[in-house]
Structures are given as C-alpha cells and as structure tokens.
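Here is the structure we will look at, set down as structure tokens.
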Amino acid sequence: MGELLTRPLTWGSFLTFFLMAVVLLLIILFMVTYAIYAERKILGYMQSRIGPNRTGKFGLLQTPADVLKLLIKEDVIPEKADRPLFKLAPVIAFVPSFVVLATIPYSEHMYFADLDIGVLYYVALSGLTVIGIVLGGWASNNKYALIGGMRSAAQLVSYAIPLVISAVGVVLMSGTMNLRGIVEGQAGWFWNWNFIPQILAFVVFVISAIAELNRTPFDLPEAESELVAGYHVEYSGFRFAFFMLTEYVYMIAMSALITTLFFGGWHAPAPFLEFIPGFIWFLLKFCGVFFFIIWLRGTMPRIRIDQLMSLGWRVLLPLSLGNIFVTAIVMEIVKAING
Amino acid sequence: MALRTEELLLNVGPQHPSTHGVFRIVVKIDGEIIKEATPVMGYLHRGTEKLAENLNYTQIIPYTDRMDYVSAMTNNYVLVSAVEKLMQLEVPERAEFLRVIVMELQRIASHLLWWGTYLLDIGAMSPFLFAFRDREIIIELFNELCGARLTYFYMRVGGVKWDAPDGWIQKVRDFVPYMRERLKLYDDLVSGNEIFLARIKGVGRYDAQTAIDYGLSGANLRCTGVKRDLRKDQPYSVYDRFEFDVPTRTEGDCYARYLLRIEEIKQSLRILEQAVEMFPEGPVMAKVPRVLRPPEGAGSSRVESPRGAIGCYVVSKGKDSPYRLKFRRPSFVNLQILPKLLVGESITNLITILGATDIVVGEVDA
C-alpha cells in the first residue's frame with residue numbers, strides 16, 4: 001500500500017485508498033465498540049464487580065445495544081440553544097478524530113498518508129476538536145456546559161504545548177517528523193525504543209496525552225461530580241454518541257501515537273522475534289497503552305483546575321523544554337565523539 | 001482594553017450528583033471563584049417532629065429511621081433513650097450490648113458510605129464500589145438481625161425488638177479482623193495519593209473557636225483539635241465499659257476530617273471487639289406496658305452519631321403520644337458553616353468541602 005503513494009494518482013490507486021479508508025473506518029468503529037466493552041469489563045474487575053454480561057454472550061453485544069438505544073432516542077435540542085451551532089459542534093469535534101488516524105503507520109506497509117510532518121499534522125488537527133467542544137458548551141446555553149467548555153479550552157490549549165514540545169525530543173533523535181521515519185529509527189532491540197533514551201519526554205507526553213484525552217485524572221471538562229456532565233450535559237441521542245465516539249477514537253489514536261513515537265511502532269522487542277508480523281506487535285503495544293489509560297481511570301481521583309494549569313505550565317512545559325535542550329546537547333556530543 | 005466580565009449565578013442542586021440528595025446551593029461565581037453561597041434546604045422536609053405529636057411512642061421510631069437514613073440505628077437509640085430516661089426504665093444488659101454493637105456497626109457503615117461517596121466527589125470511582133462492598137456485609141448483618149437493610153426499626157423503648165440469631169455474634173467477631181485488613185487496602189489505594197492530598201489538604205479550613213461558635217460536632221469539630229465525643233464525655237448505654245480513644249487532629253481542613261473518619265472506623269472496631277467478648281446472656285426487653293404513657297415531664301438524650309451530636313428532647317403530658325418532640329440534627333447544624341467556608345473557593349472546592357461536612361439530607365430537612 002505504501003508504494004502506491006509514491007506513484008502518480010490513478011483511478012486504481014484512488015479506489016484502493018478509498019476502500020481502505022472505509023475499511024479503516026469500520027475497523028475503528030468496531031474497535032471503539034469493543035474498547036468501550038473492554039473498558040467496562042476491566043474497570044469492573046478492578047472494582048470487584050462483573051461488568052456487562054447480560055446482552056449477548058459475555059455481554060459482547062452491550063455496546064451495540066447502547067449505541068442502538070442512543071440512535072433511536074428522541075433528538076432533544078434545548079429551546080434556548082443556538083440550534084445551528086448546537087448541531088454543528090459534535091461534527092466539528094468528531095471529524096478531526098478520524099482524520100488524524102491517516103498518518104499512523106500500523107505496520108511497515110500499512111499507512112494511509114506518508115506525511116513528512118506527521119507529528120505536527122496529528123497535533124494540529126487534534127487541536128481542532130477543542131473548537132467543537134467549546135462550541136457545544138456554548139451553544140447549549142447551559143451554565144454547566146459553558147464552564148465545562150471553557151475548562152476544556154483552557155486544558156486542551158495548555159496541554160497541547162507540552163505535548164508537542166516533548167515530541168520534539170523524539171523528532172530530534174530521529175531527525176524526521178515523519179511517523180514512519182520515527183518508527184524506522186527505533187529498529188532492533190527494545191532498548192532502542194524512544195521511551196528509554198527519551199524517558200523524560202515520554203513521561204511528559206503521556207501525562208499531556210491523557211490531559212488531551214480528557215481522561216481521569218484530567219477529566220475536568222466533564223467532571224461528573226461538579227459539572228454533572230460538562231460540555232455535553234445538554235446533548236442526548238446520537239449527538240451525544242458522537243461526542244463519546246470522538247473521545248474513544250482519540251483514545252485509540254493517542255494510544256497508537258504513543259506506540260509509534262515511544263514503543264517502536266511495528267518493531268518486535270527483539271530482532272529474533274521479527275518473524276511475527278509487525279501488525280501484531282503494533283496491536284499488542286497499542287493494547288498495553290490502552291490498558292494503562294483505563295487503569296488510571298480505575299485508580300485516580302480528579303485533579304483541580306488550578307492545579308491542572310500549574311502542572312501544565314509550571315512543570316510539564318519547563319521539563320519538556322529542558323528535555324529538548326539536553327537531547328540536543330547529548331546528540332552533539334555523541335556526534336563529536338563518533339567524529 | 002478591559003474585557004467586560006459578569007458574575008454568574010449558578011444553581012447547584014437539588015438535582016446534582018454531588019449534593020447527596022436534594023440539597024441545593026445557589027452560588028454567585030466570578031469565573032470559577034465563589035463570591036457568595038446561599039444554601040437552600042427543605043426539599044426533604046417531612047415534618048417528623050410535628051407528625052410525632054400524633055403518634056404513640058413506638059410508632060415514632062420508624063420515623064427516626066428515615067431522618068438520617070444511613071445511620072438509622074443511632075437515631076433509633078436517641079429517641080428510645082430519651083423516652084427511657086423520662087420513664088426511668090432499666091434496660092437489660094444484653095439489650096444495651098446489642099444496641100452498642102449495632103450502633104458501632106452503623107458508624108462503620110456510615111463512615112464507609114461517606115468514604116466511598118467522598119472519593120466519588122473527588123473523582124475517583126473505584127473506592128466507592130470497594131466501600132459499598134464492605135458496607136454490604138454490615139447491611140447483611142442488620143438484615144439478619146431485624147429483617148431490614150436500611151430502615152431497621154430495631155430498638156424499642158425498654159430494649160431491642162429481636163435477640164441476636166445464632167451465630168450472629170460470631171459473624172460480628174469475624175468482621176472485625178476482616179475490616180482491619182480492608183482498611184489497610186483503603187489506605188494503600190487512597191490515603192497517600194498525591195492528587196487526592198493536593199485536593200483536600202488545606203481546603204475548607206476553620207479554627208476551633210469558629211467550630212464551637214457554629215456549634216459543630218463530630219469529626220467536623222474534632223478536626224480542629226477539640227476533644228469532644230459524647231461516648232466519652234457523657235457516657236450513655238454501656239460505653240463506659242469499653243476502652244477506646246477519641247482521635248483528634250489540629251489542621252481543621254478536609255484532610256483532617258478524612259483521616260478522623262478513617263480513624264473512627266478503627267476505634268469502632270475496637271469497641272466491637274470488646275463488646276462481642278463481653279456479650280452477656282439474658283433478656284433483650286425490659287418489662288414495659290403495651291401502651292407507653294410516660295409521666296408528665298421532659299426527657300432528653302444526646303448521642304454521638306456518625307455525623308456528630310444528635311439530641312432528642314421529649315415533652316410528655318402523660319398521654320400515649322408526646323406533647324412535643326425535638327431533634328437536634330447534627331447534619332443541619334454542621335451545614336450552617338458552609339456559606340462562610342465557601343466564599344473565595346472554586347466550584348471544585350465547593351464539592352470537596354460539602355462532601356467533607358458529611359451531610360445526610362434526610363437529617364438536614366427532617
């Protein structure tokens with residue numbers, strides 16, 4: 001699939017990509033369905049309960065049933081809401097979440113766009129979602145939604161900065177912003193993966209990523225115990241489903257990005273394990289990261305908004321800047337020694 | 001150019017996940033900072049005290065179950081002990097021991113519920129389910145004892161309705177070491193969590209004088225260093241026979257209240273341990289007439305409920321129902337400091353402070 005990108009555009013390659021994109025979309029929808037199931041099951045076991053087990057075998061049809069219920073629900077729009085914006089907001093939030101999936105290299109030959117600015121592309125487009133969230137919060141004409149939306153704006157903007165700056169450390173090491181290039185730079189044994197040499201960047205990136213995802217302990221925009229449901233408090237039915245879908249697609253995309261940047265993408269942890277297809281390795285690492293995010297939700301309380309801000313600006317940003325500095329110096333020294 | 005800003009009037013409750021029932025508070029906020037807070041209560045007011053004037057004494061007891069519905073046993077006790085004082089009844093020893101055992105179990109159950117829901121307010125989900133799982137054991141014990149899980153109607157003037165079934169005391173005995181183990185797990189899971197500490201340390205602080213001025217009681221008072229526990233200061237029932245400490249802390253913030261309640265669970269376990277060892281034989285009900293007609297006069301009693309000092313005042317005119325009944329409800333009194341504490345805090349801290357006060361709306365509104 002990758003080679004097709006380098007050739008001139010033909011109807012054949014267009015069709016291939018179109019079909020593959022549809023397939024990817026379906027796979028992602030399937031994954032979201034079972035990501036929600038997995039989250040509920042894992043959380044259930046962490047909290048000494050069973051989790052969904054009634055709908056279908058082992059409760060496997062629980063999420064489809066939930067989605068179906070959301071789709072056939074009455075579509076309620078508050079009377080005083082700004083109707084066009086209210087309808088537009090979930091779409092604005094949702095579209096970028098799928099668009100960012102294009103740059104992720106799922107295996108050596110499976111990727112949809114070979115962008116030289118892959119990292120930037122991801123961060124820039126995922127930043128668009130905040131517009132949808134703020135619009136949703138504002139258009140609902142609800143005070144809780146408004147506070148949730150504003151919190152979300154503050155949080156996503158503050159945390160996008162350490163996120164992208166910590167990724168610069170990885171970019172410096174690989175010498176490219178192309179996500180495929182970054183993965184190729186991590187070949188060989190697992191200690192070549194970026195999370196060891198770039199441990200600081202890794203920690204900052206993961207914290208910022210979880211904040212970007214609005215997940216516990218940074219789930220302030222929808223802090224249930226304070227803001228009831230935050231920015232989507234007035235949303236119901238399929239518009240609510242869209243917001244949830246956005247959230248879970250981002251979770252999948254972010255897990256994939258962390259796998260790509262820090263865990264060597266499709267590479268096996270040891271060269272002699274390369275006989276197992278790269279896609280399997282990618283999936284395994286992806287599941288590990290995904291599990292970690294769910295695990296946090298099972299154990300962590302929520303941070304307060306002012307603490308969130310000071311953590312972002314006063315701790316994570318200087319750390320990530322320092323990381324660039326140190327990485328650059330070490331790389332120069334290594335270059336000088338190797339002559 | 002300065003941007004025009006407006007203060008926002010935000011209505012929190014009565015339908016809100018963290019007001020623990022139908023409590024409502026109207027806050028004026030500037031950004032996320034509270035400028036003014038006005039609690040509105042009374043959504044759950046059922047007029048218990050007035051209703052009681054037309055009920056006979058035994059009939060009032062189920063109404064007390066429904067006041068502080070997470071600590072029904074202490075409410076039962078405060079009413080029956082007031083009437084017993086008025087009638088100068090001698091309660092059998094076994095009944096008193098059963099009362100102490102159920103009241104201490106109730107205290108643990110109540111604090112567990114508080115612990116779980118407080119962590120839920122803070123944003124942690126798992127502790128809630130952990131706490132409810134352990135509380136369930138106590139609820140099951142009560143269910144076995146009196147056939148109800150929440151509104152027990154267990155105590156009567158002159159004793160208790162049911163004797164402990166076979167093996168019940170053993171179950172309570174087994175519960176004590178189990179709960180101690182679980183408390184260790186709770187500590188591991190929550191008490192040292194940095195985010196949790198950052199959220200509650202130094203939040204909602206007041207000093208001992210303020211606490212006394214507002215008439216606070218229970219953990220809300222002891223968190224300021226005032227050592228006041230009615231079980232020790234004015235021992236009722238058979239509390240003078242047990243060895244236990246009254247934990248206090250001096251910080252006066254939500255963190256102190258949190259630690260105190262955990263510590264109180266441990267002290268309750270100590271009392272339980274001693275109570276099941278000393279558990280005597282004998283009847284569980286004194287000889288009382290079928291229809292209670294206390295002599296003319298007034299009787300009062302004060303009890304340390306999980307939420308603080310609960311009091312009951314009964315005035316009798318010699319009839320089968322009280323002339324006047326008055327409850328001092330600790331949740332209601334403890335809540336009065338809220339508007340003072342909230343000024344200058346953020347909305348997030350509103351939930352933290354309200355949660356740490358530990359109110360039960362059924363008791364606030366009675």
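A note on labels: chains of the structure tokens are A, B, ... as shown, every chain counts residues from 1, and ligands are counted from 1 in their shown order.
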Discussion item. If DSSP is run on the backbone, what residues of region 74-276 of chain A are helix (DSSP H, G or I)? A reply as JSON, numbers by chain would be ideal.
Written reply: {"A": [83, 84, 85, 86, 87, 88, 89, 90, 91, 92, 93, 94, 95, 96, 97, 98, 99, 100, 101, 102, 103, 118, 119, 120, 121, 122, 123, 124, 125, 126, 129, 130, 131, 132, 133, 134, 135, 136, 137, 138, 139, 143, 144, 145, 146, 147, 148, 149, 150, 151, 152, 153, 154, 155, 156, 157, 158, 159, 160, 161, 162, 163, 164, 165, 166, 167, 168, 169, 170, 171, 172, 173, 174, 179, 180, 181, 182, 183, 184, 190, 191, 192, 199, 200, 201, 202, 203, 204, 205, 206, 207, 208, 209, 210, 211, 212, 220, 221, 222, 224, 225, 226, 227, 230, 231, 232, 237, 238, 239, 240, 241, 242, 243, 244, 245, 246, 247, 248, 249, 250, 251, 252, 253, 254, 255, 256, 257, 258, 259, 260, 261, 262, 271, 272, 273]}
Determine, for each residue of chain B having at least one atom at most 10 Å from an atom of chain A, the closest pair of atoms and their separation in Å to one decimal, counting only C-alpha atoms; order by chain and ascending number, as CSV.
residue,atom,partner,partner_atom,distance
B:Leu8,CA,A:Lys143,CA,8.3
B:Leu9,CA,A:Lys143,CA,8.8
B:Leu10,CA,A:Lys143,CA,7.0
B:Asn11,CA,A:Lys143,CA,9.0
B:Val12,CA,A:Glu226,CA,8.9
B:Gln15,CA,A:Val228,CA,9.5
B:His16,CA,A:Val228,CA,6.7
B:Pro17,CA,A:Ser225,CA,5.7
B:Ser18,CA,A:Ser225,CA,5.2
B:Thr19,CA,A:Ser225,CA,8.8
B:Gly31,CA,A:Ile147,CA,8.4
B:Glu32,CA,A:Ile147,CA,8.1
B:Thr117,CA,A:Ser225,CA,10.0
B:Tyr118,CA,A:Ser225,CA,9.9
B:Leu119,CA,A:Pro301,CA,7.2
B:Leu120,CA,A:Ser225,CA,7.2
B:Asp121,CA,A:Ser225,CA,5.2
B:Ile122,CA,A:Pro301,CA,5.8
B:Gly123,CA,A:Pro301,CA,4.5
B:Ala124,CA,A:Pro301,CA,3.9
B:Met125,CA,A:Gly298,CA,6.5
B:Ser126,CA,A:Gln47,CA,5.5
B:Pro127,CA,A:Gln47,CA,7.9
B:Phe128,CA,A:Gln47,CA,8.8
B:Leu129,CA,A:Gln47,CA,6.1
B:Phe130,CA,A:Gln47,CA,6.5
B:Arg133,CA,A:Ser48,CA,8.4
B:Leu189,CA,A:Thr299,CA,7.4
B:Val190,CA,A:Thr299,CA,8.4
B:Asn193,CA,A:Met300,CA,8.0
B:Glu194,CA,A:Pro301,CA,9.4
B:Ile195,CA,A:Ile303,CA,5.9
B:Phe196,CA,A:Pro301,CA,6.2
B:Leu197,CA,A:Pro301,CA,9.9
B:Ala198,CA,A:Ile303,CA,8.0
B:Arg199,CA,A:Arg304,CA,6.6
B:Ser346,CA,A:Ile305,CA,9.0
B:Ile347,CA,A:Glu226,CA,7.1
B:Thr348,CA,A:Glu226,CA,6.2
B:Asn349,CA,A:Arg304,CA,8.4
B:Leu350,CA,A:Glu226,CA,8.5
B:Ile351,CA,A:Glu226,CA,6.6
B:Thr352,CA,A:Glu226,CA,9.5
Worksheet item: Excluding same-chain residues fewer than 2 positions from region 250-260 of chain B, what lies within 6 Å of it counting only C-alpha atoms, as an MDAnalysis selection string?
Response: chainID B and resid 200:206 219 223:225 262:264 356
Would you pick out the contacts of region 324-337 of chain A at 12 Å or less, using only C-alpha atoms, so that residues sharing its chain but fewer than 2 positions from it are not included, and give the list as an mmCIF file with C-alpha atoms, in the first residue's frame?
data_model
loop_
_atom_site.group_PDB
_atom_site.id
_atom_site.type_symbol
_atom_site.label_atom_id
_atom_site.label_comp_id
_atom_site.auth_asym_id
_atom_site.auth_seq_id
_atom_site.Cartn_x
_atom_site.Cartn_y
_atom_site.Cartn_z
ATOM 1 C CA PRO A 162 3.980 20.291 26.376
ATOM 2 C CA VAL A 164 4.175 18.814 21.025
ATOM 3 C CA ILE A 165 7.357 20.067 22.685
ATOM 4 C CA SER A 166 8.028 16.730 24.342
ATOM 5 C CA ALA A 167 7.562 15.105 20.961
ATOM 6 C CA VAL A 168 10.321 17.362 19.636
ATOM 7 C CA GLY A 169 12.831 15.330 21.656
ATOM 8 C CA VAL A 170 11.812 12.268 19.680
ATOM 9 C CA VAL A 171 11.933 14.236 16.461
ATOM 10 C CA LEU A 172 15.485 15.379 17.262
ATOM 11 C CA MET A 173 16.588 11.799 17.811
ATOM 12 C CA SER A 174 15.015 10.509 14.640
ATOM 13 C CA GLY A 175 15.832 13.559 12.566
ATOM 14 C CA ASN A 194 12.396 6.006 22.317
ATOM 15 C CA PRO A 197 16.503 7.380 25.843
ATOM 16 C CA GLN A 198 13.640 9.881 25.884
ATOM 17 C CA ILE A 199 12.201 8.858 29.256
ATOM 18 C CA LEU A 200 11.501 12.457 30.290
ATOM 19 C CA ALA A 201 9.768 13.240 27.025
ATOM 20 C CA LEU A 317 6.397 22.845 29.882
ATOM 21 C CA PRO A 318 9.801 23.581 31.501
ATOM 22 C CA LEU A 319 10.504 19.849 31.671
ATOM 23 C CA SER A 320 9.793 19.342 28.013
ATOM 24 C CA LEU A 321 11.827 22.414 27.051
ATOM 25 C CA GLY A 322 14.705 21.171 29.202
ATOM 26 C CA GLY A 339 33.579 12.036 14.632
#
Fill in: d(CA of Leu163 (chain A), CA of Gly312 (chain A)) in Å
9.8 Å
Practice prompt. Could you give me, as a list in words, the residues within 12 Å of region 55-60 of chain A, counting only C-alpha atoms and dropping anything in the same chain fewer than 6 positions from it?
Written response: Phe30, Thr33, Tyr34, Ala35, Ile36, Tyr37, Ala38, Arg40, Lys41 and Asp66 of chain A
Worksheet entry | Nearby residues (only C-alpha atoms) at most 12 Å from Gly158 (chain B), same-chain spacing under 6 positions excluded, as a ChimeraX atom specification | /B:57-58,77,79-96,99,237,283-290,292
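Residues with any atom within 8 Å of His111 (chain B), counting only C-alpha atoms and excluding same-chain neighbours fewer than 6 positions away, are B:Arg261, B:Ile262, B:Ile265, B:Pro306.
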